[in-house]
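Reproduced below: data-v9.cif, with mmCIF, N, CA and C atoms.
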data_run
#
loop_
_atom_site.label_atom_id
_atom_site.label_comp_id
_atom_site.auth_asym_id
_atom_site.auth_seq_id
_atom_site.Cartn_x
_atom_site.Cartn_y
_atom_site.Cartn_z
N ASP A 1 156.64 272.39 218.93
CA ASP A 1 155.74 273.51 219.25
C ASP A 1 154.39 272.94 219.72
N THR A 2 153.90 273.46 220.81
CA THR A 2 152.66 272.99 221.40
C THR A 2 151.48 273.13 220.44
N THR A 3 151.46 274.20 219.66
CA THR A 3 150.35 274.43 218.73
C THR A 3 150.31 273.34 217.65
N VAL A 4 151.47 272.87 217.21
CA VAL A 4 151.53 271.81 216.19
C VAL A 4 150.91 270.52 216.75
N VAL A 5 151.25 270.19 218.00
CA VAL A 5 150.68 269.00 218.63
C VAL A 5 149.17 269.18 218.82
N PHE A 6 148.76 270.37 219.23
CA PHE A 6 147.33 270.67 219.39
C PHE A 6 146.57 270.44 218.08
N VAL A 7 147.09 270.97 216.98
CA VAL A 7 146.44 270.82 215.67
C VAL A 7 146.34 269.34 215.31
N HIS A 8 147.42 268.61 215.51
CA HIS A 8 147.43 267.18 215.22
C HIS A 8 146.37 266.46 216.06
N PHE A 9 146.32 266.78 217.34
CA PHE A 9 145.39 266.15 218.28
C PHE A 9 143.93 266.45 217.92
N LEU A 10 143.61 267.73 217.78
CA LEU A 10 142.22 268.09 217.48
C LEU A 10 141.81 267.61 216.09
N ASP A 11 142.74 267.65 215.16
CA ASP A 11 142.45 267.15 213.81
C ASP A 11 142.14 265.65 213.85
N ASN A 12 142.92 264.89 214.61
CA ASN A 12 142.65 263.45 214.76
C ASN A 12 141.29 263.21 215.40
N LEU A 13 140.95 264.02 216.38
CA LEU A 13 139.65 263.89 217.04
C LEU A 13 138.52 264.14 216.03
N LEU A 14 138.65 265.18 215.24
CA LEU A 14 137.61 265.51 214.25
C LEU A 14 137.54 264.46 213.14
N LYS A 15 138.70 263.92 212.74
CA LYS A 15 138.73 262.91 211.68
C LYS A 15 138.12 261.59 212.14
N SER A 16 138.03 261.38 213.44
CA SER A 16 137.44 260.14 213.95
C SER A 16 135.92 260.16 213.86
N LEU A 17 135.37 261.30 213.49
CA LEU A 17 133.92 261.46 213.38
C LEU A 17 133.47 261.36 211.93
N ALA A 18 132.23 261.00 211.73
CA ALA A 18 131.64 261.07 210.40
C ALA A 18 131.58 262.54 210.00
N ASP A 19 131.52 262.81 208.71
CA ASP A 19 131.54 264.20 208.22
C ASP A 19 130.48 265.07 208.88
N LYS A 20 129.28 264.53 209.02
CA LYS A 20 128.17 265.30 209.60
C LYS A 20 128.47 265.69 211.05
N GLU A 21 128.97 264.74 211.83
CA GLU A 21 129.29 265.02 213.23
C GLU A 21 130.48 265.99 213.34
N ALA A 22 131.49 265.79 212.49
CA ALA A 22 132.66 266.67 212.51
C ALA A 22 132.24 268.11 212.20
N LEU A 23 131.34 268.26 211.24
CA LEU A 23 130.83 269.60 210.91
C LEU A 23 130.10 270.19 212.11
N GLY A 24 129.29 269.38 212.77
CA GLY A 24 128.57 269.85 213.96
C GLY A 24 129.52 270.31 215.05
N VAL A 25 130.62 269.59 215.24
CA VAL A 25 131.61 269.97 216.26
C VAL A 25 132.30 271.27 215.85
N ARG A 26 132.67 271.38 214.59
CA ARG A 26 133.31 272.61 214.12
C ARG A 26 132.38 273.82 214.33
N ILE A 27 131.12 273.65 213.98
CA ILE A 27 130.15 274.74 214.15
C ILE A 27 130.00 275.09 215.62
N TYR A 28 129.94 274.08 216.47
CA TYR A 28 129.82 274.31 217.92
C TYR A 28 131.01 275.15 218.40
N ILE A 29 132.22 274.76 217.99
CA ILE A 29 133.42 275.51 218.40
C ILE A 29 133.34 276.94 217.89
N LEU A 30 132.98 277.11 216.63
CA LEU A 30 132.88 278.46 216.07
C LEU A 30 131.86 279.31 216.83
N ASN A 31 130.77 278.69 217.26
CA ASN A 31 129.75 279.42 218.02
C ASN A 31 130.24 279.83 219.41
N GLN A 32 131.31 279.21 219.88
CA GLN A 32 131.87 279.55 221.20
C GLN A 32 132.93 280.66 221.12
N PHE A 33 133.23 281.13 219.93
CA PHE A 33 134.29 282.13 219.75
C PHE A 33 134.15 283.35 220.66
N PRO A 34 132.92 283.84 220.91
CA PRO A 34 132.82 285.02 221.80
C PRO A 34 133.40 284.75 223.20
N LEU A 35 133.47 283.49 223.61
CA LEU A 35 134.01 283.16 224.94
C LEU A 35 135.53 283.13 224.97
N LEU A 36 136.16 283.08 223.80
CA LEU A 36 137.62 282.99 223.73
C LEU A 36 138.27 284.36 223.89
N ARG A 37 139.28 284.40 224.71
CA ARG A 37 140.05 285.64 224.87
C ARG A 37 141.20 285.63 223.88
N LEU A 38 140.85 285.93 222.65
CA LEU A 38 141.81 285.92 221.55
C LEU A 38 141.67 287.19 220.74
N ASP A 39 142.80 287.64 220.18
CA ASP A 39 142.73 288.78 219.28
C ASP A 39 142.08 288.33 217.97
N GLU A 40 141.63 289.28 217.20
CA GLU A 40 140.88 288.97 215.97
C GLU A 40 141.72 288.20 214.95
N LEU A 41 143.02 288.47 214.89
CA LEU A 41 143.88 287.76 213.95
C LEU A 41 143.92 286.27 214.28
N ARG A 42 144.10 285.93 215.56
CA ARG A 42 144.13 284.53 215.96
C ARG A 42 142.77 283.87 215.73
N LYS A 43 141.70 284.60 216.00
CA LYS A 43 140.37 284.06 215.72
C LYS A 43 140.20 283.78 214.23
N ALA A 44 140.71 284.66 213.39
CA ALA A 44 140.59 284.48 211.94
C ALA A 44 141.37 283.24 211.48
N PHE A 45 142.60 283.07 212.00
CA PHE A 45 143.39 281.88 211.65
C PHE A 45 142.69 280.62 212.11
N LEU A 46 142.15 280.66 213.32
CA LEU A 46 141.45 279.50 213.87
C LEU A 46 140.19 279.20 213.07
N ARG A 47 139.46 280.24 212.71
CA ARG A 47 138.25 280.08 211.90
C ARG A 47 138.59 279.43 210.55
N ASP A 48 139.65 279.91 209.91
CA ASP A 48 140.07 279.33 208.62
C ASP A 48 140.43 277.86 208.78
N TRP A 49 141.12 277.53 209.87
CA TRP A 49 141.50 276.13 210.09
C TRP A 49 140.26 275.27 210.33
N LEU A 50 139.34 275.76 211.15
CA LEU A 50 138.12 275.00 211.41
C LEU A 50 137.25 274.87 210.16
N ASP A 51 137.30 275.87 209.29
CA ASP A 51 136.55 275.82 208.02
C ASP A 51 137.30 275.03 206.94
N LYS A 52 138.43 274.44 207.32
CA LYS A 52 139.27 273.63 206.42
C LYS A 52 139.87 274.45 205.28
N LYS A 53 140.07 275.74 205.51
CA LYS A 53 140.71 276.58 204.49
C LYS A 53 142.23 276.53 204.63
N SER A 54 142.70 276.02 205.76
CA SER A 54 144.13 275.83 205.96
C SER A 54 144.33 274.54 206.76
N THR A 55 145.52 273.95 206.61
CA THR A 55 145.79 272.68 207.28
C THR A 55 146.58 272.84 208.57
N LYS A 56 147.08 274.05 208.81
CA LYS A 56 147.80 274.29 210.06
C LYS A 56 147.54 275.71 210.54
N LEU A 57 147.93 275.95 211.77
CA LEU A 57 147.76 277.28 212.34
C LEU A 57 149.11 278.00 212.28
N PRO A 58 149.18 279.15 211.60
CA PRO A 58 150.45 279.84 211.42
C PRO A 58 150.92 280.65 212.63
N VAL A 59 150.13 280.68 213.67
CA VAL A 59 150.52 281.42 214.89
C VAL A 59 150.37 280.49 216.09
N SER A 60 151.06 280.83 217.16
CA SER A 60 150.97 280.04 218.39
C SER A 60 149.76 280.46 219.20
N PHE A 61 149.28 279.52 219.99
CA PHE A 61 148.16 279.78 220.89
C PHE A 61 148.59 279.41 222.30
N GLU A 62 148.03 280.10 223.27
CA GLU A 62 148.32 279.80 224.67
C GLU A 62 147.66 278.47 225.04
N LEU A 63 148.28 277.74 225.93
CA LEU A 63 147.76 276.44 226.36
C LEU A 63 146.33 276.52 226.91
N PRO A 64 145.99 277.53 227.73
CA PRO A 64 144.59 277.60 228.21
C PRO A 64 143.57 277.73 227.06
N ILE A 65 143.93 278.41 225.99
CA ILE A 65 143.04 278.54 224.83
C ILE A 65 142.89 277.18 224.15
N MET A 66 144.00 276.47 224.00
CA MET A 66 143.94 275.15 223.36
C MET A 66 143.10 274.19 224.20
N ARG A 67 143.26 274.25 225.52
CA ARG A 67 142.44 273.42 226.41
C ARG A 67 140.96 273.75 226.23
N GLN A 68 140.66 275.03 226.15
CA GLN A 68 139.27 275.47 226.01
C GLN A 68 138.68 274.96 224.69
N LEU A 69 139.45 275.01 223.63
CA LEU A 69 138.97 274.53 222.32
C LEU A 69 138.73 273.02 222.34
N ILE A 70 139.63 272.28 222.98
CA ILE A 70 139.44 270.84 223.10
C ILE A 70 138.21 270.54 223.94
N ASN A 71 138.02 271.33 224.99
CA ASN A 71 136.84 271.15 225.83
C ASN A 71 135.56 271.42 225.03
N PHE A 72 135.56 272.47 224.21
CA PHE A 72 134.40 272.75 223.36
C PHE A 72 134.10 271.56 222.45
N ALA A 73 135.16 270.99 221.85
CA ALA A 73 134.98 269.84 220.97
C ALA A 73 134.41 268.66 221.75
N TYR A 74 134.94 268.43 222.94
CA TYR A 74 134.47 267.31 223.76
C TYR A 74 133.00 267.48 224.13
N VAL A 75 132.62 268.68 224.55
CA VAL A 75 131.22 268.95 224.91
C VAL A 75 130.31 268.71 223.71
N ALA A 76 130.74 269.18 222.54
CA ALA A 76 129.93 268.99 221.33
C ALA A 76 129.77 267.50 221.00
N ILE A 77 130.85 266.74 221.13
CA ILE A 77 130.77 265.30 220.86
C ILE A 77 129.86 264.62 221.88
N CYS A 78 129.96 265.03 223.14
CA CYS A 78 129.06 264.49 224.18
C CYS A 78 127.61 264.74 223.81
N GLU A 79 127.31 265.95 223.36
CA GLU A 79 125.93 266.28 222.99
C GLU A 79 125.46 265.49 221.77
N LEU A 80 126.37 265.25 220.83
CA LEU A 80 126.00 264.54 219.60
C LEU A 80 125.95 263.02 219.78
N MET A 81 126.88 262.47 220.57
CA MET A 81 127.05 261.02 220.60
C MET A 81 127.03 260.40 222.00
N GLY A 82 126.98 261.25 223.01
CA GLY A 82 126.99 260.75 224.38
C GLY A 82 128.39 260.74 224.97
N PRO A 83 128.48 260.78 226.31
CA PRO A 83 129.78 260.88 226.97
C PRO A 83 130.67 259.64 226.84
N VAL A 84 130.08 258.47 226.77
CA VAL A 84 130.90 257.25 226.65
C VAL A 84 131.65 257.25 225.32
N LYS A 85 130.93 257.55 224.24
CA LYS A 85 131.56 257.62 222.91
C LYS A 85 132.57 258.77 222.86
N ALA A 86 132.24 259.90 223.46
CA ALA A 86 133.15 261.05 223.48
C ALA A 86 134.44 260.69 224.21
N ASP A 87 134.34 260.00 225.35
CA ASP A 87 135.53 259.58 226.08
C ASP A 87 136.39 258.64 225.24
N HIS A 88 135.73 257.71 224.55
CA HIS A 88 136.44 256.75 223.70
C HIS A 88 137.19 257.47 222.57
N LEU A 89 136.51 258.39 221.90
CA LEU A 89 137.13 259.12 220.79
C LEU A 89 138.27 260.01 221.27
N LEU A 90 138.09 260.64 222.43
CA LEU A 90 139.14 261.47 223.01
C LEU A 90 140.36 260.62 223.33
N SER A 91 140.14 259.46 223.90
CA SER A 91 141.23 258.54 224.23
C SER A 91 141.99 258.11 222.97
N GLN A 92 141.25 257.81 221.90
CA GLN A 92 141.88 257.43 220.63
C GLN A 92 142.72 258.57 220.06
N ALA A 93 142.19 259.79 220.13
CA ALA A 93 142.92 260.95 219.61
C ALA A 93 144.19 261.19 220.41
N ILE A 94 144.12 260.99 221.72
CA ILE A 94 145.31 261.13 222.56
C ILE A 94 146.36 260.11 222.13
N LYS A 95 145.95 258.86 221.98
CA LYS A 95 146.89 257.80 221.59
C LYS A 95 147.52 258.08 220.24
N SER A 96 146.74 258.60 219.30
CA SER A 96 147.27 258.85 217.96
C SER A 96 148.21 260.06 217.92
N SER A 97 148.19 260.88 218.95
CA SER A 97 149.06 262.07 218.98
C SER A 97 150.21 261.93 219.97
N GLU A 98 150.21 260.87 220.76
CA GLU A 98 151.23 260.71 221.80
C GLU A 98 152.65 260.67 221.27
N GLU A 99 152.87 259.96 220.18
CA GLU A 99 154.23 259.83 219.64
C GLU A 99 154.79 261.20 219.23
N MET A 100 153.99 261.97 218.51
CA MET A 100 154.44 263.31 218.11
C MET A 100 154.71 264.17 219.34
N ALA A 101 153.81 264.11 220.30
CA ALA A 101 153.97 264.91 221.52
C ALA A 101 155.24 264.51 222.27
N LYS A 102 155.49 263.21 222.32
CA LYS A 102 156.69 262.71 223.01
C LYS A 102 157.95 263.21 222.32
N GLN A 103 157.97 263.17 220.99
CA GLN A 103 159.13 263.64 220.23
C GLN A 103 159.38 265.13 220.46
N MET A 104 158.32 265.89 220.67
CA MET A 104 158.45 267.33 220.91
C MET A 104 158.52 267.66 222.40
N GLU A 105 158.52 266.61 223.22
CA GLU A 105 158.61 266.76 224.67
C GLU A 105 157.47 267.60 225.24
N ILE A 106 156.27 267.30 224.76
CA ILE A 106 155.06 267.98 225.23
C ILE A 106 154.12 266.93 225.81
N PRO A 107 153.82 267.01 227.10
CA PRO A 107 152.91 266.03 227.70
C PRO A 107 151.48 266.21 227.18
N MET A 108 150.88 265.12 226.72
CA MET A 108 149.51 265.19 226.19
C MET A 108 148.51 265.65 227.25
N HIS A 109 148.76 265.29 228.50
CA HIS A 109 147.80 265.67 229.55
C HIS A 109 147.73 267.19 229.74
N ASP A 110 148.71 267.93 229.21
CA ASP A 110 148.66 269.40 229.29
C ASP A 110 147.44 269.96 228.54
N PHE A 111 146.94 269.21 227.57
CA PHE A 111 145.82 269.68 226.76
C PHE A 111 144.46 269.42 227.41
N LEU A 112 144.46 268.63 228.48
CA LEU A 112 143.18 268.23 229.07
C LEU A 112 142.89 268.95 230.37
#
Could you render the structure as C-alpha cells?
Amino acid sequence: DTTVVFVHFLDNLLKSLADKEALGVRIYILNQFPLLRLDELRKAFLRDWLDKKSTKLPVSFELPIMRQLINFAYVAICELMGPVKADHLLSQAIKSSEEMAKQMEIPMHDFL
C-alpha cells in the first residue's frame, strides 16, 4: 500500500532530525493543513500521526496529497537547516525506504 510506504518514508525523514527540528517540521506541516484538499476525517488521522498519537495512518491517501506533505516537510527542513542538508536528509530517507517500496512494487520517485 502506497500509504504504508509514505508513512515509513516521512517517518524516517523526521527521525533523521533532532527532536527540536522534527517538532518544527511537524508544526510547519500542521500549519499547512488549510492548503490540503482532504476531508476532516483524513486531516484528523494525519494530525494524530503528526502529533505522535498513532504510529500509522488507518486510511489511504492520494499520491498528490502525499507528495504535498513531503514537499511541506522538505520546505520546512530547508528553512531550518538549509537546502544542502535538506537534500542530504531527503536522500537518506529515500534510501532507507527503498527496500520496502521495492517489495511493495511502489517506485520511490512517485513521492517526489
Return as a compact mmCIF listing (two decimals) with N, CA and C atoms, keeping the file's coordinate frame the set of residues that the PyMOL selection byres ((chain A and resi 93-105) around 6.5) yields on the displayed structure.
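Ended up saving to out28.txt:
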# COMPACT_ATOMS: atom_id res chain seq x y z
N ASP A 1 156.64 272.39 218.93
CA ASP A 1 155.74 273.51 219.25
C ASP A 1 154.39 272.94 219.72
N VAL A 5 151.25 270.19 218.00
CA VAL A 5 150.68 269.00 218.63
C VAL A 5 149.17 269.18 218.82
N HIS A 8 147.42 268.61 215.51
CA HIS A 8 147.43 267.18 215.22
C HIS A 8 146.37 266.46 216.06
N PHE A 9 146.32 266.78 217.34
CA PHE A 9 145.39 266.15 218.28
C PHE A 9 143.93 266.45 217.92
N ASN A 12 142.92 264.89 214.61
CA ASN A 12 142.65 263.45 214.76
C ASN A 12 141.29 263.21 215.40
N LEU A 13 140.95 264.02 216.38
CA LEU A 13 139.65 263.89 217.04
C LEU A 13 138.52 264.14 216.03
N HIS A 88 135.73 257.71 224.55
CA HIS A 88 136.44 256.75 223.70
C HIS A 88 137.19 257.47 222.57
N LEU A 89 136.51 258.39 221.90
CA LEU A 89 137.13 259.12 220.79
C LEU A 89 138.27 260.01 221.27
N LEU A 90 138.09 260.64 222.43
CA LEU A 90 139.14 261.47 223.01
C LEU A 90 140.36 260.62 223.33
N SER A 91 140.14 259.46 223.90
CA SER A 91 141.23 258.54 224.23
C SER A 91 141.99 258.11 222.97
N GLN A 92 141.25 257.81 221.90
CA GLN A 92 141.88 257.43 220.63
C GLN A 92 142.72 258.57 220.06
N ILE A 106 156.27 267.30 224.76
CA ILE A 106 155.06 267.98 225.23
C ILE A 106 154.12 266.93 225.81
N PRO A 107 153.82 267.01 227.10
CA PRO A 107 152.91 266.03 227.70
C PRO A 107 151.48 266.21 227.18
N MET A 108 150.88 265.12 226.72
CA MET A 108 149.51 265.19 226.19
C MET A 108 148.51 265.65 227.25
Do you know which residues are at most 8 Å from Leu112 of chain A counting only N, CA and C atoms, after dropping those on the same chain fewer than 3 positions away, and could you put them as a PDB file with N, CA and C atoms, in the frame of the given file?
ATOM      1  N   MET A  66     144.000 276.470 224.000  1.00  0.00           N
ATOM      2  CA  MET A  66     143.940 275.150 223.360  1.00  0.00           C
ATOM      3  C   MET A  66     143.100 274.190 224.200  1.00  0.00           C
ATOM      4  N   ARG A  67     143.260 274.250 225.520  1.00  0.00           N
ATOM      5  CA  ARG A  67     142.440 273.420 226.410  1.00  0.00           C
ATOM      6  C   ARG A  67     140.960 273.750 226.230  1.00  0.00           C
ATOM      7  N   GLN A  68     140.660 275.030 226.150  1.00  0.00           N
ATOM      8  CA  GLN A  68     139.270 275.470 226.010  1.00  0.00           C
ATOM      9  C   GLN A  68     138.680 274.960 224.690  1.00  0.00           C
ATOM     10  N   ILE A  70     139.630 272.280 222.980  1.00  0.00           N
ATOM     11  CA  ILE A  70     139.440 270.840 223.100  1.00  0.00           C
ATOM     12  C   ILE A  70     138.210 270.540 223.940  1.00  0.00           C
ATOM     13  N   ASN A  71     138.020 271.330 224.990  1.00  0.00           N
ATOM     14  CA  ASN A  71     136.840 271.150 225.830  1.00  0.00           C
ATOM     15  C   ASN A  71     135.560 271.420 225.030  1.00  0.00           C
ATOM     16  N   PRO A 107     153.820 267.010 227.100  1.00  0.00           N
ATOM     17  CA  PRO A 107     152.910 266.030 227.700  1.00  0.00           C
ATOM     18  C   PRO A 107     151.480 266.210 227.180  1.00  0.00           C
ATOM     19  N   MET A 108     150.880 265.120 226.720  1.00  0.00           N
ATOM     20  CA  MET A 108     149.510 265.190 226.190  1.00  0.00           C
ATOM     21  C   MET A 108     148.510 265.650 227.250  1.00  0.00           C
ATOM     22  N   HIS A 109     148.760 265.290 228.500  1.00  0.00           N
ATOM     23  CA  HIS A 109     147.800 265.670 229.550  1.00  0.00           C
ATOM     24  C   HIS A 109     147.730 267.190 229.740  1.00  0.00           C
TER      25      HIS A 109
END
Env of Trp49 of chain A: 12 Å cut, atoms = only C-alpha atoms, seq-sep filter 6 positions within chain, self excluded. Answer as a tab-separated table (two decimals) with N, CA and C atoms, keeping the file's coordinate frame.
chain	number	residue	atom	x	y	z
A	7	VAL	N	147.09	270.97	216.98
A	7	VAL	CA	146.44	270.82	215.67
A	7	VAL	C	146.34	269.34	215.31
A	8	HIS	N	147.42	268.61	215.51
A	8	HIS	CA	147.43	267.18	215.22
A	8	HIS	C	146.37	266.46	216.06
A	10	LEU	N	143.61	267.73	217.78
A	10	LEU	CA	142.22	268.09	217.48
A	10	LEU	C	141.81	267.61	216.09
A	11	ASP	N	142.74	267.65	215.16
A	11	ASP	CA	142.45	267.15	213.81
A	11	ASP	C	142.14	265.65	213.85
A	26	ARG	N	132.67	271.38	214.59
A	26	ARG	CA	133.31	272.61	214.12
A	26	ARG	C	132.38	273.82	214.33
A	29	ILE	N	132.22	274.76	217.99
A	29	ILE	CA	133.42	275.51	218.40
A	29	ILE	C	133.34	276.94	217.89
A	30	LEU	N	132.98	277.11	216.63
A	30	LEU	CA	132.88	278.46	216.07
A	30	LEU	C	131.86	279.31	216.83
A	42	ARG	N	144.10	285.93	215.56
A	42	ARG	CA	144.13	284.53	215.96
A	42	ARG	C	142.77	283.87	215.73
A	43	LYS	N	141.70	284.60	216.00
A	43	LYS	CA	140.37	284.06	215.72
A	43	LYS	C	140.20	283.78	214.23
A	55	THR	N	145.52	273.95	206.61
A	55	THR	CA	145.79	272.68	207.28
A	55	THR	C	146.58	272.84	208.57
A	56	LYS	N	147.08	274.05	208.81
A	56	LYS	CA	147.80	274.29	210.06
A	56	LYS	C	147.54	275.71	210.54
A	57	LEU	N	147.93	275.95	211.77
A	57	LEU	CA	147.76	277.28	212.34
A	57	LEU	C	149.11	278.00	212.28
A	58	PRO	N	149.18	279.15	211.60
A	58	PRO	CA	150.45	279.84	211.42
A	58	PRO	C	150.92	280.65	212.63
A	59	VAL	N	150.13	280.68	213.67
A	59	VAL	CA	150.52	281.42	214.89
A	59	VAL	C	150.37	280.49	216.09
Quick one: of A:Asp110, A:Leu46, A:Asp39, A:Ala76, who's nearest to Pro64 of chain A, counting all atoms listed in the file?
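Looking at the shortest contact to Pro64 of chain A, the residue is A:Asp110.
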Have a look at atom CA of Leu41 of chain A and atom N of Ser60 of chain A and let me know their distance in Å, one decimal.
10.5 Å
Atom C of Leu36 of chain A to atom N of Ser16 of chain A, straight-line distance in Å:
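Atom N of Ser16 of chain A sits 25.2 Å away from atom C of Leu36 of chain A.
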Could you check which of A:Gln32, A:Ile77, A:Phe61, A:Val84 is closest to Val4 of chain A, using only N, CA and C atoms?
A:Phe61
What does the distance from atom CA of Ala18 of chain A to atom CA of Leu63 of chain A come to in Å, to one decimal?
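Taking atom CA of Ala18 of chain A as the start and atom CA of Leu63 of chain A as the end point, the length is 27.4 Å.
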Ranking A:Ala44, A:Ile65, A:Leu38, A:Leu80 by minimum distance to Leu23 of chain A and counting only C-alpha atoms, which one comes first?
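Using only C-alpha atoms, Leu23 of chain A sits closest to A:Leu80.
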Using only C-alpha atoms, which residue out of A:Phe6, A:Ala73, A:Asp48, A:Lys53 lies closest to Gly24 of chain A?
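Between A:Phe6, A:Ala73, A:Asp48, A:Lys53, the residue approaching Gly24 of chain A most closely is A:Ala73.
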Alpha helix (DSSP H) positions in chain A, given as a PyMOL selection string
chain A and resi 2-15+19-31+40-50+63-81+83-103
Given the choices A:Ser54, A:Arg47, A:Phe72, A:Asp87, which gets closest to Tyr28 of chain A if the distance is worked out from only N, CA and C atoms?
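Closest residue, counting only N, CA and C atoms: A:Phe72.
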